[in-house]
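Written below as structure tokens is the structure these notes are about.
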Amino acid sequence: MASDRFLRCFSLLILLSGPALVTASSSIGINYGQIANNLPSPDDVVPLVKSVGATRLKLYDADPRVLKAFAGTGIEFTVGLGNEYLARMRDPAQALAWLKSNIQPYLPSTKITCITVGNEVLTLNDTSLTADVLPAMQGLQGALAKLGLDDQVTVTTPHSLAVLETSYPPSAGAFRRDLAAPLTEILKFQAKAGSPFLINAYPFFAYKGNPRQVPLDFVLFESNPGEVDPSTGLHYDNMLFAQIDAVHSALASLGFRNLTLHISETGWPSRGDADEVGATPENARKYNGNLMKIMAQKKGTPMRPNGDLNVYVFALFNENMKTGPTSERNYGLFKPDGTPAYALALNGSSDAGGNGTIPTKSGSPPLAAETPASTSTGSSTGYLAISSGVERCRSAQTLFVLCLATIKLLF
């Protein structure tokens with residue numbers, strides 16, 4: 001049976017990976033996308049998630065098969081409502097009905113702690129969606145309160161880094177002026193509800209857009225000289241932390257310094273098209289492996305050294321039905337049969353930056369990435385891409401994501 005083959009493959013994975021794969025990433029979150037026709041059953045995914053030490057999963061829907069399979073595991077879930085649901089969730093009755101059907105039946109056995117409303121809505125240039133997102137969040141929050149679940153489940157919405165107008169230096173991070181008004185109202189709601197602010201951040205696109213000026217070691221958490229924020233004197237040795245602190249500064253500029261920030265998506269593809277520079281198994285291994293090492297250190301960013309890092313890696317599996325460039329189908333840590341898309345090797349050859357480095361031993365060579373199938377189903381996720389077309393920044397500025405000028409969303 002297919003399930004038996006998967007479990008045999010998975011057992012071999014555990015023997016080959018050893019305990020390092022489990023212990024080094026104890027606080028990591030993972031995005032569990034399912035735009036594929038060859039993924040294992042959710043029941044078979046449970047031991048795979050536990051094998052990497054993940055304690056949190058983020059879904060793009062509220063799949064009942066997944067929520068049932070993970071009952072009693074203690075894995076913390078964020079479930080998603082697609083953009084197509086926003087208008088309906090403005091209606092308190094429909095919001096309540098959705099919660100009764102999709103959330104309440106699985107509590108408390110499945111640990112659902114957050115609902116995401118839409119995805120990157122404010123940067124889609126769809127005025128109707130922008131107008132719907134906050135009322136939808138308010139409708140769900142009110143319905144949670146009616147069910148007595150508002151202390152257990154929070155409501156938020158993920159944003160693209162394109163909500164930033166300024167990101168260099170990180171201390172000068174600021175939101176786009178045209179989005180300041182809707183963002184401020186959303187942030188007021190979140191501050192009152194106690195929900196986290198979510199950002200999708202992909203250093204891969206900064207490197208892909210300008211590989212000659214953006215040092216690869218800087219984006220992969222490898223040893224490098226780094227850069228110093230001239231305004232604060234804080235030293236940055238990786239791009240993701242610069243992105244995170246730019247968002248912290250933007251939040252503070254609007255009066256929301258204490259709002260919790262989560263990186264709801266970040267990752268690196270193991271394969272890409274000819275023009276997708278850097279999309280290789282080795283770079284994916286370094287990015288995700290080094291990120292997990294930094295997470296295990298429980299260190300914050302230069303601006304928030306004592307703060308918790310809340311990061312969700314994208315993604316659990318390669319998804320063969322995603323549209324777009326080849327990279328879209330190759331972000332997974334695993335192939336659908338449960339074997340690694342590459343040798344993650346948390347005891348591998350690279351040094352992880354992040355306010356310090358971690359000396360490591362030589363690891364195994366990466367496995368080949370899965371060959372993508374043809375697609376007909378759209379992607380549920382947007383990504384920020386940066387190119388150098390309009391404005392050339394000085395080399396120091398280029399090290400920080402959004403100083404590169406042309407911003408476009410890839411679907």
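Each chain in the structure tokens gets a letter, A, B, ..., in the order shown, and its residues are numbered from 1; ligands are numbered from 1 in order too.
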For this session: Write out as JSON, numbers by chain which residues come within 9 Å of Gly80 (chain A) when counting only C-alpha atoms, dropping same-chain ones fewer than 5 positions away.
Result: {"A": [58, 59, 60, 61, 62, 114, 115, 116, 117, 118, 119]}
Would you write out those residues with all heavy atoms, as a PDB file, in the first residue's frame?
```pdb
ATOM      1  N   LYS A  58       1.247  25.927   9.798  1.00  0.00           N
ATOM      2  CA  LYS A  58       0.365  26.947   9.242  1.00  0.00           C
ATOM      3  C   LYS A  58      -0.268  26.392   7.974  1.00  0.00           C
ATOM      4  O   LYS A  58       0.424  25.966   7.043  1.00  0.00           O
ATOM      5  CB  LYS A  58       1.165  28.216   8.939  1.00  0.00           C
ATOM      6  CG  LYS A  58       0.360  29.356   8.338  1.00  0.00           C
ATOM      7  CD  LYS A  58       1.192  30.634   8.354  1.00  0.00           C
ATOM      8  CE  LYS A  58       0.666  31.656   7.377  1.00  0.00           C
ATOM      9  NZ  LYS A  58       1.077  31.359   5.987  1.00  0.00           N
ATOM     10  N   LEU A  59      -1.598  26.385   7.949  1.00  0.00           N
ATOM     11  CA  LEU A  59      -2.366  25.933   6.798  1.00  0.00           C
ATOM     12  C   LEU A  59      -2.886  27.132   6.017  1.00  0.00           C
ATOM     13  O   LEU A  59      -3.014  28.234   6.556  1.00  0.00           O
ATOM     14  CB  LEU A  59      -3.555  25.069   7.242  1.00  0.00           C
ATOM     15  CG  LEU A  59      -3.266  23.809   8.060  1.00  0.00           C
ATOM     16  CD1 LEU A  59      -4.576  23.134   8.447  1.00  0.00           C
ATOM     17  CD2 LEU A  59      -2.377  22.859   7.279  1.00  0.00           C
ATOM     18  N   TYR A  60      -3.224  26.895   4.762  1.00  0.00           N
ATOM     19  CA  TYR A  60      -3.827  27.941   3.943  1.00  0.00           C
ATOM     20  C   TYR A  60      -5.342  27.759   3.843  1.00  0.00           C
ATOM     21  O   TYR A  60      -6.010  28.463   3.092  1.00  0.00           O
ATOM     22  CB  TYR A  60      -3.184  27.945   2.553  1.00  0.00           C
ATOM     23  CG  TYR A  60      -1.733  28.365   2.625  1.00  0.00           C
ATOM     24  CD1 TYR A  60      -0.726  27.418   2.789  1.00  0.00           C
ATOM     25  CD2 TYR A  60      -1.375  29.708   2.583  1.00  0.00           C
ATOM     26  CE1 TYR A  60       0.602  27.800   2.891  1.00  0.00           C
ATOM     27  CE2 TYR A  60      -0.059  30.099   2.682  1.00  0.00           C
ATOM     28  CZ  TYR A  60       0.934  29.144   2.836  1.00  0.00           C
ATOM     29  OH  TYR A  60       2.254  29.529   2.953  1.00  0.00           O
ATOM     30  N   ASP A  61      -5.863  26.815   4.611  1.00  0.00           N
ATOM     31  CA  ASP A  61      -7.297  26.569   4.682  1.00  0.00           C
ATOM     32  C   ASP A  61      -7.560  25.973   6.061  1.00  0.00           C
ATOM     33  O   ASP A  61      -6.746  26.107   6.969  1.00  0.00           O
ATOM     34  CB  ASP A  61      -7.759  25.640   3.555  1.00  0.00           C
ATOM     35  CG  ASP A  61      -6.940  24.351   3.480  1.00  0.00           C
ATOM     36  OD1 ASP A  61      -6.347  23.950   4.519  1.00  0.00           O
ATOM     37  OD2 ASP A  61      -6.901  23.718   2.406  1.00  0.00           O
ATOM     38  N   ALA A  62      -8.695  25.331   6.223  1.00  0.00           N
ATOM     39  CA  ALA A  62      -9.010  24.647   7.478  1.00  0.00           C
ATOM     40  C   ALA A  62      -9.352  23.199   7.151  1.00  0.00           C
ATOM     41  O   ALA A  62     -10.422  22.691   7.495  1.00  0.00           O
ATOM     42  CB  ALA A  62     -10.169  25.343   8.187  1.00  0.00           C
ATOM     43  N   CYS A 114      -4.734  30.365  15.909  1.00  0.00           N
ATOM     44  CA  CYS A 114      -4.758  31.578  15.089  1.00  0.00           C
ATOM     45  C   CYS A 114      -5.491  31.317  13.778  1.00  0.00           C
ATOM     46  O   CYS A 114      -5.429  30.216  13.228  1.00  0.00           O
ATOM     47  CB  CYS A 114      -3.322  32.033  14.804  1.00  0.00           C
ATOM     48  SG  CYS A 114      -3.190  33.625  13.959  1.00  0.00           S
ATOM     49  N   ILE A 115      -6.174  32.342  13.279  1.00  0.00           N
ATOM     50  CA  ILE A 115      -6.829  32.315  11.976  1.00  0.00           C
ATOM     51  C   ILE A 115      -6.271  33.464  11.150  1.00  0.00           C
ATOM     52  O   ILE A 115      -6.274  34.618  11.595  1.00  0.00           O
ATOM     53  CB  ILE A 115      -8.354  32.472  12.093  1.00  0.00           C
ATOM     54  CG1 ILE A 115      -8.956  31.351  12.946  1.00  0.00           C
ATOM     55  CG2 ILE A 115      -9.006  32.492  10.708  1.00  0.00           C
ATOM     56  CD1 ILE A 115     -10.417  31.590  13.318  1.00  0.00           C
ATOM     57  N   THR A 116      -5.768  33.146   9.943  1.00  0.00           N
ATOM     58  CA  THR A 116      -5.335  34.205   9.037  1.00  0.00           C
ATOM     59  C   THR A 116      -6.464  34.537   8.074  1.00  0.00           C
ATOM     60  O   THR A 116      -7.090  33.648   7.502  1.00  0.00           O
ATOM     61  CB  THR A 116      -4.084  33.797   8.238  1.00  0.00           C
ATOM     62  OG1 THR A 116      -4.347  32.596   7.503  1.00  0.00           O
ATOM     63  CG2 THR A 116      -2.903  33.565   9.171  1.00  0.00           C
ATOM     64  N   VAL A 117      -6.697  35.816   7.893  1.00  0.00           N
ATOM     65  CA  VAL A 117      -7.791  36.296   7.053  1.00  0.00           C
ATOM     66  C   VAL A 117      -7.185  36.872   5.777  1.00  0.00           C
ATOM     67  O   VAL A 117      -6.562  37.934   5.782  1.00  0.00           O
ATOM     68  CB  VAL A 117      -8.618  37.359   7.791  1.00  0.00           C
ATOM     69  CG1 VAL A 117      -9.740  37.887   6.889  1.00  0.00           C
ATOM     70  CG2 VAL A 117      -9.193  36.773   9.082  1.00  0.00           C
ATOM     71  N   GLY A 118      -7.331  36.139   4.658  1.00  0.00           N
ATOM     72  CA  GLY A 118      -6.743  36.571   3.404  1.00  0.00           C
ATOM     73  C   GLY A 118      -5.235  36.401   3.411  1.00  0.00           C
ATOM     74  O   GLY A 118      -4.641  35.910   4.371  1.00  0.00           O
ATOM     75  N   ASN A 119      -4.596  36.817   2.313  1.00  0.00           N
ATOM     76  CA  ASN A 119      -3.147  36.716   2.189  1.00  0.00           C
ATOM     77  C   ASN A 119      -2.616  37.864   1.345  1.00  0.00           C
ATOM     78  O   ASN A 119      -3.009  38.031   0.194  1.00  0.00           O
ATOM     79  CB  ASN A 119      -2.743  35.383   1.548  1.00  0.00           C
ATOM     80  CG  ASN A 119      -1.246  35.140   1.624  1.00  0.00           C
ATOM     81  OD1 ASN A 119      -0.630  35.325   2.672  1.00  0.00           O
ATOM     82  ND2 ASN A 119      -0.648  34.731   0.510  1.00  0.00           N
TER      83      ASN A 119
END
```
For this session: Return as a VMD selection string the full set of residues in region 7-176 of chain A whose backbone-based DSSP assignment is strand (DSSP E).
Result: chain A and resid 29 to 31 56 to 58 76 to 81 111 to 117 154 to 156 158 to 160 164 to 166 174 to 175
Exercise. Contacts of Ala180 (chain A) at 9 Å or less, counting only C-alpha atoms, minus same-chain residues fewer than 5 places along, as a PyMOL selection string?
Worked result: chain A and resi 175+185+254
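CA of Leu183 (chain A) is positioned 12.7 Å from CA of Ala252 (chain A).
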For this session: Could you give me, as number ranges by chain, the residues within 12 Å of Gly233 (chain A), counting only C-alpha atoms and dropping anything in the same chain fewer than 2 positions from it?
Result: A: 169-171, 227-231, 235-236, 302-303
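In this model, the gap between CA of Leu67 (chain A) and CA of Val45 (chain A) comes to 11.7 Å.
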Problem set entry | Contacts of Ile244 (chain A) within 10 Å, only C-alpha atoms, excl. fewer than 3 positions in-chain, as a PyMOL selection string | chain A and resi 161+167+170+173+199+201+239-241+247-250+261-263+301-304+309
Excluding Tyr32 (chain A) and its own-chain neighbours fewer than 6 positions away, which residues fall within 12 Å of it when counting only C-alpha atoms? Please give them as a short mmCIF file (atom, residue, chain, number, x, y, z; two decimals) with N, CA, C and O atoms, in the first residue's frame.
```
data_model
loop_
_atom_site.label_atom_id
_atom_site.label_comp_id
_atom_site.auth_asym_id
_atom_site.auth_seq_id
_atom_site.Cartn_x
_atom_site.Cartn_y
_atom_site.Cartn_z
N LEU A 39 0.60 14.08 -2.53
CA LEU A 39 1.08 14.21 -1.15
C LEU A 39 0.59 13.03 -0.30
O LEU A 39 -0.45 12.44 -0.56
N PRO A 40 1.34 12.68 0.75
CA PRO A 40 0.89 11.63 1.67
C PRO A 40 -0.34 12.08 2.44
O PRO A 40 -0.65 13.27 2.53
N PRO A 42 -2.65 13.08 5.60
CA PRO A 42 -2.30 13.81 6.82
C PRO A 42 -1.87 12.89 7.97
O PRO A 42 -1.00 13.27 8.75
N VAL A 45 1.66 12.33 7.62
CA VAL A 45 2.47 13.53 7.77
C VAL A 45 2.82 13.79 9.23
O VAL A 45 3.86 14.39 9.53
N VAL A 46 2.00 13.32 10.15
CA VAL A 46 2.21 13.59 11.58
C VAL A 46 3.62 13.20 12.03
O VAL A 46 4.34 14.03 12.60
N LEU A 48 6.25 12.78 10.27
CA LEU A 48 7.24 13.54 9.53
C LEU A 48 7.44 14.92 10.17
O LEU A 48 8.57 15.38 10.33
N VAL A 49 6.34 15.56 10.54
CA VAL A 49 6.43 16.87 11.19
C VAL A 49 7.17 16.75 12.52
O VAL A 49 8.04 17.57 12.85
N ALA A 54 9.20 20.30 14.53
CA ALA A 54 8.30 21.44 14.38
C ALA A 54 7.21 21.39 15.44
O ALA A 54 6.63 20.34 15.72
N ARG A 56 4.81 24.01 15.35
CA ARG A 56 3.73 24.83 14.82
C ARG A 56 3.56 24.55 13.33
O ARG A 56 4.55 24.41 12.61
N LEU A 57 2.33 24.51 12.87
CA LEU A 57 2.02 24.36 11.45
C LEU A 57 1.07 25.48 11.02
O LEU A 57 0.19 25.88 11.78
N LYS A 58 1.25 25.93 9.80
CA LYS A 58 0.37 26.95 9.24
C LYS A 58 -0.27 26.39 7.97
O LYS A 58 0.42 25.97 7.04
N LEU A 59 -1.60 26.39 7.95
CA LEU A 59 -2.37 25.93 6.80
C LEU A 59 -2.89 27.13 6.02
O LEU A 59 -3.01 28.23 6.56
N TYR A 60 -3.22 26.90 4.76
CA TYR A 60 -3.83 27.94 3.94
C TYR A 60 -5.34 27.76 3.84
O TYR A 60 -6.01 28.46 3.09
N ASP A 61 -5.86 26.82 4.61
CA ASP A 61 -7.30 26.57 4.68
C ASP A 61 -7.56 25.97 6.06
O ASP A 61 -6.75 26.11 6.97
N ALA A 62 -8.69 25.33 6.22
CA ALA A 62 -9.01 24.65 7.48
C ALA A 62 -9.35 23.20 7.15
O ALA A 62 -10.42 22.69 7.50
N ASP A 63 -8.44 22.51 6.50
CA ASP A 63 -8.65 21.15 6.03
C ASP A 63 -9.01 20.22 7.19
O ASP A 63 -8.20 20.00 8.09
N VAL A 66 -6.58 17.27 8.01
CA VAL A 66 -5.36 17.63 8.73
C VAL A 66 -5.67 17.89 10.20
O VAL A 66 -4.96 17.42 11.09
N LEU A 67 -6.72 18.65 10.44
CA LEU A 67 -7.05 19.00 11.83
C LEU A 67 -7.40 17.76 12.64
O LEU A 67 -7.07 17.67 13.83
N PHE A 77 -1.64 25.13 15.61
CA PHE A 77 -2.09 25.39 14.24
C PHE A 77 -2.53 26.82 14.02
O PHE A 77 -3.24 27.41 14.83
N THR A 78 -2.10 27.36 12.88
CA THR A 78 -2.70 28.55 12.29
C THR A 78 -3.46 28.08 11.06
O THR A 78 -2.90 27.39 10.20
N VAL A 79 -4.74 28.40 10.98
CA VAL A 79 -5.55 28.00 9.82
C VAL A 79 -5.88 29.25 9.00
O VAL A 79 -5.87 30.37 9.52
N GLY A 80 -6.17 29.05 7.72
CA GLY A 80 -6.33 30.18 6.83
C GLY A 80 -7.70 30.28 6.19
O GLY A 80 -8.36 29.28 5.91
N SER A 264 5.61 34.89 8.76
CA SER A 264 4.65 33.84 8.43
C SER A 264 5.10 32.97 7.25
O SER A 264 4.58 31.87 7.07
N GLU A 265 6.04 33.46 6.46
CA GLU A 265 6.64 32.65 5.39
C GLU A 265 8.07 33.10 5.17
O GLU A 265 8.34 34.31 5.09
N TYR A 312 7.97 30.84 10.36
CA TYR A 312 7.39 29.69 9.67
C TYR A 312 8.13 29.47 8.35
O TYR A 312 8.09 30.34 7.47
N VAL A 313 8.79 28.33 8.22
CA VAL A 313 9.49 27.99 6.99
C VAL A 313 8.48 27.60 5.92
O VAL A 313 7.50 26.92 6.19
N PHE A 314 8.74 28.05 4.69
CA PHE A 314 7.93 27.64 3.56
C PHE A 314 8.78 26.71 2.69
O PHE A 314 9.80 27.13 2.16
N ALA A 315 8.45 25.44 2.55
CA ALA A 315 7.22 24.80 2.98
C ALA A 315 7.56 23.35 3.35
O ALA A 315 8.69 22.91 3.21
N LEU A 316 6.55 22.62 3.78
CA LEU A 316 6.77 21.24 4.18
C LEU A 316 7.08 20.35 2.98
O LEU A 316 8.03 19.56 3.02
N PHE A 317 6.30 20.47 1.91
CA PHE A 317 6.46 19.60 0.74
C PHE A 317 6.66 20.41 -0.55
O PHE A 317 6.16 21.54 -0.66
N ASN A 318 7.35 19.83 -1.51
CA ASN A 318 7.27 20.32 -2.88
C ASN A 318 5.84 20.09 -3.37
O ASN A 318 5.28 19.01 -3.16
N GLU A 319 5.26 21.09 -4.02
CA GLU A 319 3.86 21.03 -4.45
C GLU A 319 3.79 21.08 -5.97
O GLU A 319 3.99 22.12 -6.58
N TYR A 331 9.91 24.51 -3.09
CA TYR A 331 10.25 25.11 -1.80
C TYR A 331 10.23 24.09 -0.66
O TYR A 331 10.58 24.41 0.46
N GLY A 332 9.80 22.86 -0.92
CA GLY A 332 9.58 21.90 0.14
C GLY A 332 10.86 21.42 0.81
O GLY A 332 11.90 21.26 0.17
N LEU A 333 10.74 21.15 2.11
CA LEU A 333 11.80 20.44 2.82
C LEU A 333 11.81 18.98 2.40
O LEU A 333 12.84 18.31 2.44
N PHE A 334 10.63 18.48 1.99
CA PHE A 334 10.47 17.06 1.66
C PHE A 334 9.79 16.87 0.32
O PHE A 334 9.00 17.70 -0.13
N SER A 380 -1.50 29.67 -3.93
CA SER A 380 -2.20 30.38 -2.87
C SER A 380 -1.31 31.42 -2.22
O SER A 380 -1.71 32.10 -1.30
N THR A 381 -0.08 31.54 -2.69
CA THR A 381 0.88 32.37 -2.00
C THR A 381 1.51 33.38 -2.94
O THR A 381 1.89 33.06 -4.04
#
```
For this session: Please return as a ChimeraX atom specification: the residues of region 91-285 of chain A that backbone DSSP assigns to alpha helix (DSSP H).
Result: /A:92-102,127-146,180-193,203-209,216-219,239-253,281-285
Problem set entry | Option closest in space to Gly139 (chain A), from A:Lys192, A:Arg88, A:Lys111, A:His159 [counting only C-alpha atoms] | A:Arg88
